[in-house]
$ cat target.cif   # mmCIF, C-alpha atoms
data_entry
#
loop_
_atom_site.label_atom_id
_atom_site.label_comp_id
_atom_site.auth_asym_id
_atom_site.auth_seq_id
_atom_site.Cartn_x
_atom_site.Cartn_y
_atom_site.Cartn_z
CA MET A 1 117.49 36.27 222.31
CA LEU A 2 114.87 35.07 219.83
CA LEU A 3 112.04 36.32 222.04
CA ALA A 4 113.71 39.72 222.30
CA ARG A 5 113.91 39.92 218.52
CA ARG A 6 110.17 39.52 217.91
CA ARG A 7 109.64 43.26 217.59
CA ILE A 8 112.69 44.10 215.49
CA ASP A 9 113.03 41.17 213.05
CA PRO A 10 110.32 42.43 210.63
CA THR A 11 112.01 45.84 210.48
CA VAL A 12 115.44 44.27 210.01
CA PHE A 13 114.17 42.02 207.22
CA GLY A 14 112.46 44.96 205.52
CA ALA A 15 115.70 46.96 205.76
CA ALA A 16 117.58 44.15 204.01
CA SER A 17 115.02 44.22 201.19
CA ALA A 18 115.21 48.00 200.86
CA ALA A 19 119.02 48.03 200.84
CA PHE A 20 119.86 45.68 197.99
CA PRO A 21 118.47 47.87 195.14
CA LEU A 22 120.74 50.62 196.49
CA TYR A 23 123.83 48.40 196.35
CA ILE A 24 124.28 48.66 200.11
CA PRO A 25 126.00 45.52 201.52
CA ILE A 26 123.75 45.33 204.60
CA PRO A 27 121.74 42.38 203.15
CA VAL A 28 124.85 40.18 203.25
CA VAL A 29 125.22 40.71 207.01
CA LEU A 30 121.50 40.40 207.72
CA ALA A 31 121.14 37.31 205.54
CA GLY A 32 123.96 35.72 207.51
CA MET A 33 122.23 36.65 210.77
CA PHE A 34 118.94 35.06 209.69
CA GLY A 35 120.86 32.04 208.38
CA LEU A 36 122.57 31.49 211.74
CA SER A 37 119.25 31.80 213.56
CA GLY A 38 117.73 29.37 211.07
CA ILE A 39 120.41 26.77 211.78
CA TYR A 40 119.49 26.94 215.46
CA VAL A 41 115.77 26.65 214.70
CA ALA A 42 116.18 23.82 212.17
CA LEU A 43 118.43 21.79 214.49
CA SER A 44 116.19 22.34 217.53
CA ARG A 45 114.02 19.38 216.49
CA GLY A 46 114.80 16.50 214.14
CA ARG A 47 111.41 16.82 212.48
CA ARG A 48 112.09 20.43 211.51
CA LEU A 49 115.44 19.53 209.97
CA VAL A 50 113.92 16.67 207.97
CA GLU A 51 111.13 18.90 206.71
CA HIS A 52 113.67 21.56 205.76
CA LEU A 53 115.76 19.08 203.78
CA ARG A 54 112.68 17.76 201.97
CA SER A 55 111.99 21.24 200.60
CA PRO A 56 113.84 22.82 197.64
CA TYR A 57 116.55 23.64 200.16
CA GLY A 58 117.54 19.98 200.09
CA PHE A 59 118.77 20.45 196.52
CA ILE A 60 120.94 23.38 197.66
CA VAL A 61 122.47 21.25 200.40
CA VAL A 62 123.27 18.46 197.92
CA TYR A 63 124.78 20.99 195.51
CA CYS A 64 126.97 22.50 198.25
CA LEU A 65 128.10 19.08 199.46
CA TRP A 66 129.04 18.07 195.90
CA SER A 67 131.10 21.24 195.46
CA LEU A 68 132.75 20.87 198.88
CA MET A 69 133.56 17.23 198.11
CA LEU A 70 135.28 18.29 194.88
CA ILE A 71 137.19 21.03 196.70
CA GLY A 72 138.37 18.55 199.32
CA GLY A 73 139.32 16.01 196.65
CA ARG A 74 141.45 18.62 194.88
CA GLY A 75 143.19 19.51 198.16
CA GLU A 76 141.97 23.10 198.00
CA LEU A 77 140.62 23.48 201.54
CA GLU A 78 142.37 26.78 202.18
CA ALA A 79 141.31 30.28 203.20
CA GLY A 80 142.05 31.88 199.83
CA ASN A 81 139.68 29.63 197.89
CA ARG A 82 136.73 31.79 196.76
CA GLN A 83 134.72 28.74 195.77
CA LEU A 84 135.07 27.29 199.27
CA GLY A 85 133.98 30.58 200.84
CA PHE A 86 130.94 30.94 198.61
CA MET A 87 129.81 27.34 199.13
CA VAL A 88 130.02 27.73 202.93
CA LEU A 89 128.11 31.03 202.64
CA LEU A 90 125.45 29.44 200.43
CA LEU A 91 125.09 26.51 202.82
CA GLY A 92 124.53 28.91 205.72
CA LEU A 93 122.04 31.03 203.76
CA THR A 94 120.06 27.87 203.08
CA PHE A 95 118.61 28.28 206.58
CA ILE A 96 117.24 31.80 206.11
CA ALA A 97 113.63 30.58 205.97
CA PRO A 98 113.66 28.98 209.44
CA GLY A 99 115.45 32.09 210.69
CA LEU A 100 112.45 34.19 209.61
CA CYS A 101 110.19 32.42 212.12
CA LEU A 102 109.64 35.68 214.02
CA VAL A 103 108.52 37.63 210.94
CA ARG A 104 104.74 37.27 210.83
CA ARG A 105 104.30 38.05 207.10
CA PRO A 106 107.77 37.61 205.59
CA LEU A 107 106.88 37.95 201.92
CA ARG A 108 104.82 41.10 202.52
CA THR A 109 107.70 42.60 204.50
CA PHE A 110 110.16 41.76 201.73
CA VAL A 111 107.93 43.25 199.02
CA LEU A 112 107.33 46.48 200.94
CA GLY A 113 111.05 46.87 201.54
CA ALA A 114 111.78 46.31 197.83
CA ARG A 115 109.25 49.01 196.91
CA VAL A 116 110.98 51.50 199.19
CA GLY A 117 114.35 50.47 197.73
CA VAL A 118 113.18 51.01 194.14
CA TYR A 119 111.81 54.46 195.03
CA ALA A 120 115.13 55.35 196.68
CA ALA A 121 117.17 54.04 193.74
CA PHE A 122 115.12 56.16 191.33
CA VAL A 123 115.54 59.31 193.43
CA LEU A 124 119.28 58.71 193.84
CA ALA A 125 119.75 58.14 190.10
CA LEU A 126 117.70 61.25 189.31
CA VAL A 127 119.81 63.37 191.67
CA MET A 128 123.00 62.03 190.09
CA PHE A 129 121.71 62.74 186.58
CA ILE A 130 120.66 66.29 187.46
CA SER A 131 123.93 66.95 189.24
CA PHE A 132 126.32 65.59 186.62
CA GLY A 133 124.29 65.50 183.38
CA ASP A 134 126.33 64.36 180.37
CA ALA A 135 129.42 63.96 182.56
CA LEU A 136 127.77 60.90 184.13
CA GLU A 137 128.91 58.14 181.75
CA ARG A 138 127.79 54.91 183.45
CA TRP A 139 126.13 55.17 186.84
CA ASN A 140 127.53 52.42 189.04
CA GLY A 141 125.86 53.19 192.37
CA GLY A 142 129.25 53.16 194.06
CA GLY A 143 130.19 49.71 192.77
CA ASN A 144 129.81 47.52 189.71
CA ALA A 145 127.36 49.07 187.22
CA ALA A 146 126.17 45.68 185.92
CA ILE A 147 125.49 44.31 189.40
CA VAL A 148 123.69 47.53 190.36
CA ALA A 149 121.43 47.18 187.31
CA LEU A 150 120.59 43.56 188.17
CA LEU A 151 119.80 44.34 191.81
CA ILE A 152 117.51 47.23 190.86
CA LEU A 153 115.74 44.98 188.35
CA LEU A 154 115.29 42.23 190.97
CA GLY A 155 113.94 44.82 193.39
CA SER A 156 111.38 46.03 190.85
CA ILE A 157 110.31 42.46 190.09
CA THR A 158 109.78 41.78 193.80
CA ALA A 159 107.85 45.05 194.14
CA THR A 160 105.26 43.97 191.52
CA ILE A 161 103.87 41.21 193.77
CA ARG A 162 100.32 42.16 194.72
CA LEU A 163 99.66 42.81 198.39
CA SER A 164 96.38 42.92 200.23
CA ASN A 165 95.70 46.45 201.53
CA PRO A 166 99.20 47.86 200.93
CA PRO A 167 100.19 51.23 202.46
CA LYS A 168 99.10 54.19 200.35
CA CYS A 169 102.67 55.38 199.91
CA VAL A 170 103.74 52.07 198.28
CA PRO A 171 100.64 50.85 196.40
CA ASN A 172 100.39 47.89 194.04
CA GLY A 173 101.18 48.65 190.43
CA LEU A 174 103.56 48.60 187.48
CA GLN A 175 105.24 51.86 188.44
CA TYR A 176 108.13 50.03 190.09
CA ILE A 177 109.41 48.55 186.82
CA ALA A 178 108.92 51.94 185.15
CA LEU A 179 110.85 53.73 187.91
CA ALA A 180 113.60 51.10 187.90
CA SER A 181 114.09 51.58 184.16
CA PHE A 182 115.67 55.01 184.72
CA PRO A 183 118.60 54.00 186.98
CA ILE A 184 119.03 50.84 184.88
CA PHE A 185 119.22 53.03 181.77
CA LEU A 186 121.98 55.08 183.40
CA THR A 187 124.02 51.92 184.08
CA GLU A 188 123.94 51.03 180.34
CA THR A 189 124.02 47.31 181.17
CA ARG A 190 123.03 45.41 178.03
CA ALA A 191 122.05 42.18 179.79
CA VAL A 192 119.48 44.08 181.88
CA LEU A 193 118.37 46.73 179.39
CA ILE A 194 116.93 44.08 177.07
CA VAL A 195 114.94 42.52 179.92
CA VAL A 196 113.24 45.64 181.34
CA PRO A 197 110.87 46.42 178.42
CA ILE A 198 109.95 42.74 178.06
CA LEU A 199 109.02 42.48 181.74
CA PHE A 200 107.09 45.73 181.67
CA LEU A 201 105.05 44.70 178.62
CA ALA A 202 104.39 41.24 180.07
CA GLU A 203 103.21 42.62 183.41
CA PHE A 204 101.21 45.34 181.68
CA PHE A 205 99.38 42.68 179.71
CA PHE A 206 98.50 40.67 182.82
CA TRP A 207 97.39 43.78 184.71
CA SER A 208 95.25 44.92 181.78
CA LEU A 209 93.25 41.68 181.83
CA ARG A 210 91.38 43.12 184.83
CA TRP A 211 90.28 46.20 182.86
CA ARG A 212 87.29 46.66 180.58
CA PRO A 213 88.01 45.91 176.88
CA ARG A 214 87.66 49.54 175.82
CA ILE A 215 90.12 50.80 178.42
CA ARG A 216 92.44 47.88 177.70
CA ASN A 217 92.63 48.62 173.97
CA ARG A 218 93.30 52.30 174.59
CA SER A 219 96.01 51.46 177.08
CA TYR A 220 97.75 49.22 174.54
CA ALA A 221 97.77 52.07 172.02
CA ALA A 222 99.12 54.46 174.67
CA VAL A 223 101.95 52.09 175.61
CA LEU A 224 102.96 51.62 171.97
CA LEU A 225 102.94 55.39 171.43
CA ALA A 226 105.01 55.97 174.58
CA ALA A 227 107.52 53.29 173.49
CA GLY A 228 107.87 54.92 170.08
CA LEU A 229 108.43 58.37 171.57
CA MET A 230 110.97 56.97 174.01
CA LEU A 231 112.98 55.38 171.19
CA LEU A 232 113.09 58.76 169.44
CA ALA A 233 114.60 60.50 172.48
CA PRO A 234 118.25 61.48 171.79
CA PRO A 235 119.67 59.94 175.04
CA VAL A 236 118.01 56.61 174.25
CA GLN A 237 119.24 56.65 170.64
CA ASN A 238 122.77 57.46 171.79
CA MET A 239 122.71 54.61 174.29
CA ILE A 240 121.38 52.13 171.71
CA ALA A 241 124.03 53.22 169.22
CA GLY A 242 126.80 52.97 171.79
CA ARG A 243 125.79 49.72 173.52
CA PHE A 244 123.99 47.65 170.87
CA VAL A 245 124.67 48.91 167.33
CA THR A 246 128.43 48.82 167.87
CA VAL A 247 128.21 45.15 168.87
CA TYR A 248 126.36 44.32 165.66
CA GLU A 249 128.77 46.31 163.51
CA HIS A 250 131.85 44.75 165.12
CA TYR A 251 130.83 41.09 165.28
CA VAL A 252 128.28 40.77 162.46
CA ALA A 253 129.09 43.47 159.91
CA GLY A 254 132.83 43.04 160.47
CA LYS A 255 133.63 46.71 161.05
CA SER A 256 136.60 47.45 163.27
CA ASP A 257 135.76 49.17 166.55
CA ASP A 258 138.31 50.13 169.18
CA GLY A 259 135.63 50.11 171.88
CA MET A 260 134.90 46.36 171.82
CA GLU A 261 137.83 45.13 173.92
CA SER A 262 135.47 43.74 176.57
CA GLY A 263 133.63 41.67 173.97
CA ASP A 264 136.88 40.29 172.54
CA ILE A 265 138.05 39.37 176.05
CA ARG A 266 134.78 37.56 176.73
CA LEU A 267 135.02 35.57 173.49
CA THR A 268 138.61 34.60 174.30
CA MET A 269 137.58 33.46 177.79
CA TRP A 270 134.59 31.49 176.51
CA LYS A 271 136.60 29.68 173.82
CA ALA A 272 139.30 28.78 176.33
CA ALA A 273 136.69 27.71 178.89
CA ALA A 274 134.94 25.47 176.36
CA GLN A 275 138.23 23.70 175.63
CA VAL A 276 138.96 23.14 179.34
CA ILE A 277 135.40 21.86 179.89
CA ARG A 278 135.84 19.31 177.09
CA GLU A 279 138.92 17.99 178.88
CA HIS A 280 137.27 17.92 182.35
CA PRO A 281 133.51 17.53 181.74
CA LEU A 282 132.33 15.64 184.81
CA SER A 283 133.79 17.53 187.77
CA GLY A 284 135.50 20.59 186.26
CA VAL A 285 138.79 21.97 187.54
CA GLY A 286 137.64 24.29 190.34
CA ILE A 287 137.74 28.07 190.67
CA MET A 288 141.36 28.18 191.84
CA ASP A 289 142.74 26.31 188.80
CA MET A 290 140.20 27.64 186.32
CA PHE A 291 142.21 30.49 184.82
CA PRO A 292 145.59 28.69 184.79
CA HIS A 293 143.98 25.99 182.63
CA MET A 294 142.25 28.61 180.48
CA LYS A 295 145.49 30.53 179.88
CA VAL A 296 147.07 27.36 178.52
CA ALA A 297 144.03 26.79 176.29
CA ALA A 298 144.07 30.44 175.13
CA GLY A 299 147.63 30.11 173.81
CA PRO A 300 148.91 33.40 172.35
CA ASN A 301 145.79 35.21 173.67
CA ALA A 302 146.51 34.28 177.30
CA GLU A 303 147.47 37.86 178.20
CA MET A 304 143.96 39.05 177.30
CA ILE A 305 142.40 37.11 180.18
CA ALA A 306 145.09 37.78 182.78
CA GLY A 307 143.82 39.26 186.03
CA PHE A 308 140.20 38.13 185.70
CA LYS A 309 138.35 36.13 188.37
CA HIS A 310 135.17 35.23 186.48
CA VAL A 311 134.39 33.82 183.04
CA HIS A 312 131.46 36.25 182.62
CA ASN A 313 129.11 33.38 181.83
CA PHE A 314 127.63 31.51 184.78
CA VAL A 315 127.01 28.30 182.79
CA LEU A 316 130.62 28.02 181.69
CA GLN A 317 131.86 29.00 185.13
CA GLU A 318 129.69 26.36 186.80
CA LEU A 319 130.97 23.72 184.38
CA LEU A 320 134.53 24.77 185.15
CA ALA A 321 133.94 24.86 188.91
CA ASN A 322 131.75 21.78 189.49
CA GLY A 323 131.35 20.05 186.14
CA VAL A 324 128.21 18.77 184.47
CA VAL A 325 126.99 17.28 187.74
CA GLY A 326 127.21 20.67 189.44
CA LEU A 327 125.33 22.39 186.61
CA VAL A 328 122.54 19.79 186.76
CA LEU A 329 122.29 20.20 190.53
CA LEU A 330 122.21 24.00 190.17
CA ALA A 331 119.41 23.79 187.60
CA SER A 332 117.49 21.40 189.86
CA ILE A 333 117.52 24.01 192.66
CA VAL A 334 115.74 26.55 190.48
CA ALA A 335 113.36 23.94 189.06
CA ALA A 336 112.41 22.66 192.53
CA PHE A 337 111.79 26.18 193.83
CA LEU A 338 109.68 27.25 190.84
CA LEU A 339 107.62 24.05 190.98
CA THR A 340 106.99 24.68 194.68
CA VAL A 341 105.89 28.25 193.94
CA LEU A 342 103.62 27.20 191.06
CA ARG A 343 102.00 24.56 193.26
CA ARG A 344 101.60 26.50 196.52
CA ALA A 345 101.33 30.21 195.68
CA PRO A 346 97.71 31.46 195.91
CA GLU A 347 98.46 34.67 194.00
CA GLU A 348 99.33 34.76 190.28
CA SER A 349 101.70 37.70 190.77
CA MET A 350 103.77 35.54 193.14
CA ARG A 351 104.20 32.92 190.43
CA ARG A 352 105.07 35.46 187.76
CA ALA A 353 107.54 37.29 190.00
CA ALA A 354 109.41 34.05 190.80
CA ILE A 355 109.66 33.21 187.08
CA TYR A 356 110.72 36.76 186.17
CA PHE A 357 113.28 36.75 188.97
CA PHE A 358 115.18 33.65 187.94
CA CYS A 359 114.83 34.27 184.21
CA SER A 360 116.40 37.70 184.75
CA VAL A 361 119.25 36.19 186.76
CA GLY A 362 119.76 33.59 184.02
CA ILE A 363 119.83 36.14 181.19
CA PHE A 364 122.17 38.38 183.15
CA GLY A 365 124.40 35.39 183.84
CA MET A 366 125.02 34.87 180.14
CA LEU A 367 127.34 37.90 180.18
CA HIS A 368 128.20 38.09 183.89
CA ASP A 369 128.37 35.83 186.93
CA PRO A 370 125.92 36.85 189.68
CA LEU A 371 126.37 33.63 191.66
CA TYR A 372 129.88 34.54 192.85
CA HIS A 373 128.95 37.98 194.14
CA GLU A 374 128.10 38.19 197.84
CA LEU A 375 125.31 40.75 197.52
CA CYS A 376 123.70 38.98 194.55
CA MET A 377 123.78 35.62 196.30
CA SER A 378 122.36 37.10 199.51
CA THR A 379 119.58 38.84 197.57
CA ILE A 380 118.62 35.64 195.77
CA MET A 381 118.58 33.64 198.99
CA LEU A 382 116.57 36.32 200.83
CA PHE A 383 114.01 36.22 198.01
CA VAL A 384 113.80 32.41 198.21
CA GLY A 385 113.72 32.54 202.01
CA ALA A 386 110.79 34.99 202.02
CA TYR A 387 108.78 32.65 199.79
CA MET A 388 109.61 29.49 201.71
CA ALA A 389 108.95 31.08 205.10
CA GLN A 390 105.60 32.36 203.81
CA PHE A 391 104.65 28.89 202.56
CA ARG A 392 105.56 27.45 205.95
CA ARG A 393 103.24 29.89 207.72
CA TRP A 394 100.40 29.21 205.30
CA GLN A 395 100.46 25.53 206.24
CA PHE A 396 98.68 26.52 209.46
CA LEU A 397 96.05 28.75 207.80
CA THR A 398 92.94 28.01 205.77
CA PRO A 399 93.14 28.94 202.04
CA ALA A 400 90.79 31.89 202.63
CA ARG A 401 93.27 33.46 205.08
CA ARG A 402 96.38 32.98 202.95
CA GLN A 403 97.03 36.57 202.01
CA ILE A 404 100.23 38.48 201.44
#
$ encode --input "target.cif" --output "structure tokens"
Amino acid sequence: MLLARRRIDPTVFGAASAAFPLYIPIPVVLAGMFGLSGIYVALSRGRRLVEHLRSPYGFIVVYCLWSLMLIGGRGELEAGNRQLGFMVLLLGLTFIAPGLCLVRRPLRTFVLGARVGVYAAFVLALVMFISFGDALERWNGGGNAAIVALLILLGSITATIRLSNPPKCVPNGLQYIALASFPIFLTETRAVLIVVPILFLAEFFFWSLRWRPRIRNRSYAAVLLAAGLMLLAPPVQNMIAGRFVTVYEHYVAGKSDDGMESGDIRLTMWKAAAQVIREHPLSGVGIMDMFPHMKVAAGPNAEMIAGFKHVHNFVLQELLANGVVGLVLLASIVAAFLLTVLRRAPEESMRRAAIYFFCSVGIFGMLHDPLYHELCMSTIMLFVGAYMAQFRRWQFLTPARRQI
């Protein structure tokens, strides 16, 4: 079966990369497929399994085992436990990198797919805007607007990785972040909107270092002028007033605003979560018992948080689910991966993209919880898998031939 897949695996992997910016759930299925193949490959020889566990993936395995141990200790090994399902899924996706053994240039394939996905997301958002105009309140891509915004942002970050001799239709450049800004703007997701201009300016600065000083200085002036004109555009001013100014007026200036129910609910959840965490700091209470404990802590405000599944803050949710130990293990996964990238990546854009990627997920997670969303988790693990599979292939090449 593996031999028969040699011709189709690169296309399948590229399709997974192109699909996630469009909020199409195909990456979940394909990530599971590569994970299952990876389990077979990793277990085929003891040496491969040991090498796999010595990589950053070893931290993921330890994290999953800790969470599964807590779930078993609480007697929550049942089909309806979302935490159990996500930990089993994460453990399986840990083997994506070995499953990419038939993809000759996995990171290049993933980047090219992301570029196609960003182009498609821009076109789709443009068609929706032209078709509906002002009637289009928050574009959600057929799902959750916040998750759509994050996935498009992650796709644009992936697309900025420099490739050697890329196809003419998807060249290297900053245009992917610029194109992604339009559909992200239509989603009106605060946690992503604040990140996009920062990433664009940061990448613009690094790209401009290759230019002559005269061109570089003129480009800086052009970017500042374009930013100023964009802020003066009526749609942008309306969005800023509706999504940011109202938050300041409600929580800082003290003005009453009937449109801030979501913020009040979040504050109620966070206060209740903090109280539960103080009572169960080491191992948390688990996802199943999280909200029953929080409702008790919320007291008269318990009705405000009824019906929710997430705390809308991934740090608090991790502390509730797996305690301080789980949060430390989760942070160690990211740290181990980034250290591996910084040490082994031959291209600066690879290092920057990895940092941008996880910083964006972290900032988004302050107001949402991307780690308990199947498509977000699959996207993150496909990104990590592309890097780790690429590093594995480069072990057999001289530094001069290590190109993306």
$ closest_atom_pairs --input "target.cif" --of "segment 292-349 of chain A" --to "segment 358-379 of chain A" --cutoff "10 Å" --atoms "all atoms listed in the file" --output "JSON lines"
{"residue": "A:Lys309", "atom": "CA", "partner": "A:Tyr372", "partner_atom": "CA", "distance": 9.7}
{"residue": "A:His310", "atom": "CA", "partner": "A:Asp369", "partner_atom": "CA", "distance": 6.8}
{"residue": "A:Val311", "atom": "CA", "partner": "A:Asp369", "partner_atom": "CA", "distance": 7.4}
{"residue": "A:His312", "atom": "CA", "partner": "A:His368", "partner_atom": "CA", "distance": 4.0}
{"residue": "A:Asn313", "atom": "CA", "partner": "A:Met366", "partner_atom": "CA", "distance": 4.7}
{"residue": "A:Phe314", "atom": "CA", "partner": "A:Asp369", "partner_atom": "CA", "distance": 4.9}
{"residue": "A:Val315", "atom": "CA", "partner": "A:Met366", "partner_atom": "CA", "distance": 7.4}
{"residue": "A:Leu316", "atom": "CA", "partner": "A:Met366", "partner_atom": "CA", "distance": 9.0}
{"residue": "A:Gln317", "atom": "CA", "partner": "A:Asp369", "partner_atom": "CA", "distance": 7.9}
{"residue": "A:Glu318", "atom": "CA", "partner": "A:Leu371", "partner_atom": "CA", "distance": 9.4}
{"residue": "A:Val334", "atom": "CA", "partner": "A:Phe358", "partner_atom": "CA", "distance": 7.6}
{"residue": "A:Ala335", "atom": "CA", "partner": "A:Phe358", "partner_atom": "CA", "distance": 9.9}
{"residue": "A:Leu338", "atom": "CA", "partner": "A:Phe358", "partner_atom": "CA", "distance": 8.9}
$ resolve_selection --input "target.cif" --expression "the PyMOL selection byres ((chain A and resi 21) around 10)" --output "ChimeraX atom specification"
/A:16-20,22-24,113-122,141,147-156,180,379
$ closest_residue --input "target.cif" --among "A:Arg5, A:Arg74, A:Arg108, A:Arg47" --to "Phe383 of chain A" --atoms "only C-alpha atoms"
A:Arg108
$ closest_residue --input "target.cif" --among "A:Asn322, A:Thr158, A:Thr187, A:Thr340" --to "Leu107 of chain A" --atoms "only C-alpha atoms"
A:Thr158
$ resolve_selection --input "target.cif" --expression "the PyMOL selection byres ((chain A and resi 206-221) around 12)" --output "JSON, numbers by chain"
{"A": [160, 161, 162, 172, 173, 174, 175, 199, 200, 201, 202, 203, 204, 205, 222, 223, 224, 225, 226, 227, 228, 348, 349, 352]}
$ resolve_selection --input "target.cif" --expression "the PyMOL selection byres ((chain A and resi 11) around 12)" --output "list in words"
Arg5, Arg6, Arg7, Ile8, Asp9, Pro10, Val12, Phe13, Gly14, Ala15, Ala16, Ser17, Ala18, Leu30, Leu100, Leu102, Val103, Arg104, Arg105, Pro106, Arg108, Thr109, Phe110, Leu112 and Gly113 of chain A
$ atom_distance --input "target.cif" --atom1 "atom CA of Asn238 of chain A" --atom2 "atom CA of Phe182 of chain A"
15.0 Å
$ closest_residue --input "target.cif" --among "A:Val196, A:Ala345, A:Leu229, A:Leu186" --to "Phe129 of chain A" --atoms "all atoms listed in the file"
A:Leu186
$ atom_distance --input "target.cif" --atom1 "atom CA of Val285 of chain A" --atom2 "atom CA of Leu91 of chain A"
21.0 Å
$ atom_distance --input "target.cif" --atom1 "atom CA of Thr189 of chain A" --atom2 "atom CA of Thr268 of chain A"
20.5 Å
$ residues_around --input "target.cif" --residues "Ser55 of chain A" --least-positions-apart "6" --cutoff "12 Å" --atoms "all atoms listed in the file" --output "list in words"
Arg48, Leu49, Val61, Val62, Thr94, Phe95, Ala97, Pro98, Ile333, Ala335, Ala336, Phe337, Leu338, Leu339, Thr340, Val341, Val384, Gly385, Tyr387, Met388, Ala389, Phe391 and Arg392 of chain A
$ axis_aligned_box --input "target.cif" --around "segment 259-273 of chain A" --padding-each-side "3 Å" --output "JSON"
{"center_x": 136.5, "center_y": 38.9, "center_z": 175.4, "size_x": 11.7, "size_y": 28.4, "size_z": 13.1}
$ closest_residue --input "target.cif" --among "A:Pro292, A:Pro346, A:Gly92, A:Gly286" --to "Gly326 of chain A" --atoms "all atoms listed in the file"
A:Gly286
$ residues_around --input "target.cif" --residues "Ile305 of chain A" --least-positions-apart "5" --cutoff "9 Å" --atoms "all atoms listed in the file" --output "list in words"
Ile265, Arg266, Thr268, Met269, Phe291, Met294, Lys295 and Ala298 of chain A
$ write_last_selection --input "target.cif" --atoms "C-alpha atoms" --output "mmCIF file, keeping the file's coordinate frame"
data_model
loop_
_atom_site.group_PDB
_atom_site.id
_atom_site.type_symbol
_atom_site.label_atom_id
_atom_site.label_comp_id
_atom_site.auth_asym_id
_atom_site.auth_seq_id
_atom_site.Cartn_x
_atom_site.Cartn_y
_atom_site.Cartn_z
ATOM 1 C CA ILE A 265 138.050 39.370 176.050
ATOM 2 C CA ARG A 266 134.780 37.560 176.730
ATOM 3 C CA THR A 268 138.610 34.600 174.300
ATOM 4 C CA MET A 269 137.580 33.460 177.790
ATOM 5 C CA PHE A 291 142.210 30.490 184.820
ATOM 6 C CA MET A 294 142.250 28.610 180.480
ATOM 7 C CA LYS A 295 145.490 30.530 179.880
ATOM 8 C CA ALA A 298 144.070 30.440 175.130
#
$ closest_residue --input "target.cif" --among "A:Gln83, A:Gly75, A:Tyr176, A:Leu90" --to "Met381 of chain A" --atoms "all atoms listed in the file"
A:Leu90
$ closest_residue --input "target.cif" --among "A:Val123, A:Ile39, A:Met230, A:Val276" --to "Leu319 of chain A" --atoms "all atoms listed in the file"
A:Val276
$ residues_around --input "target.cif" --residues "segment 282-284 of chain A" --least-positions-apart "5" --cutoff "7 Å" --atoms "only C-alpha atoms" --output "PDB file with C-alpha atoms, in the frame of the given file"
ATOM      1  CA  ILE A 277     135.400  21.860 179.890  1.00  0.00           C
ATOM      2  CA  LEU A 319     130.970  23.720 184.380  1.00  0.00           C
ATOM      3  CA  LEU A 320     134.530  24.770 185.150  1.00  0.00           C
ATOM      4  CA  ALA A 321     133.940  24.860 188.910  1.00  0.00           C
ATOM      5  CA  ASN A 322     131.750  21.780 189.490  1.00  0.00           C
ATOM      6  CA  GLY A 323     131.350  20.050 186.140  1.00  0.00           C
ATOM      7  CA  VAL A 324     128.210  18.770 184.470  1.00  0.00           C
ATOM      8  CA  VAL A 325     126.990  17.280 187.740  1.00  0.00           C
TER       9      VAL A 325
END
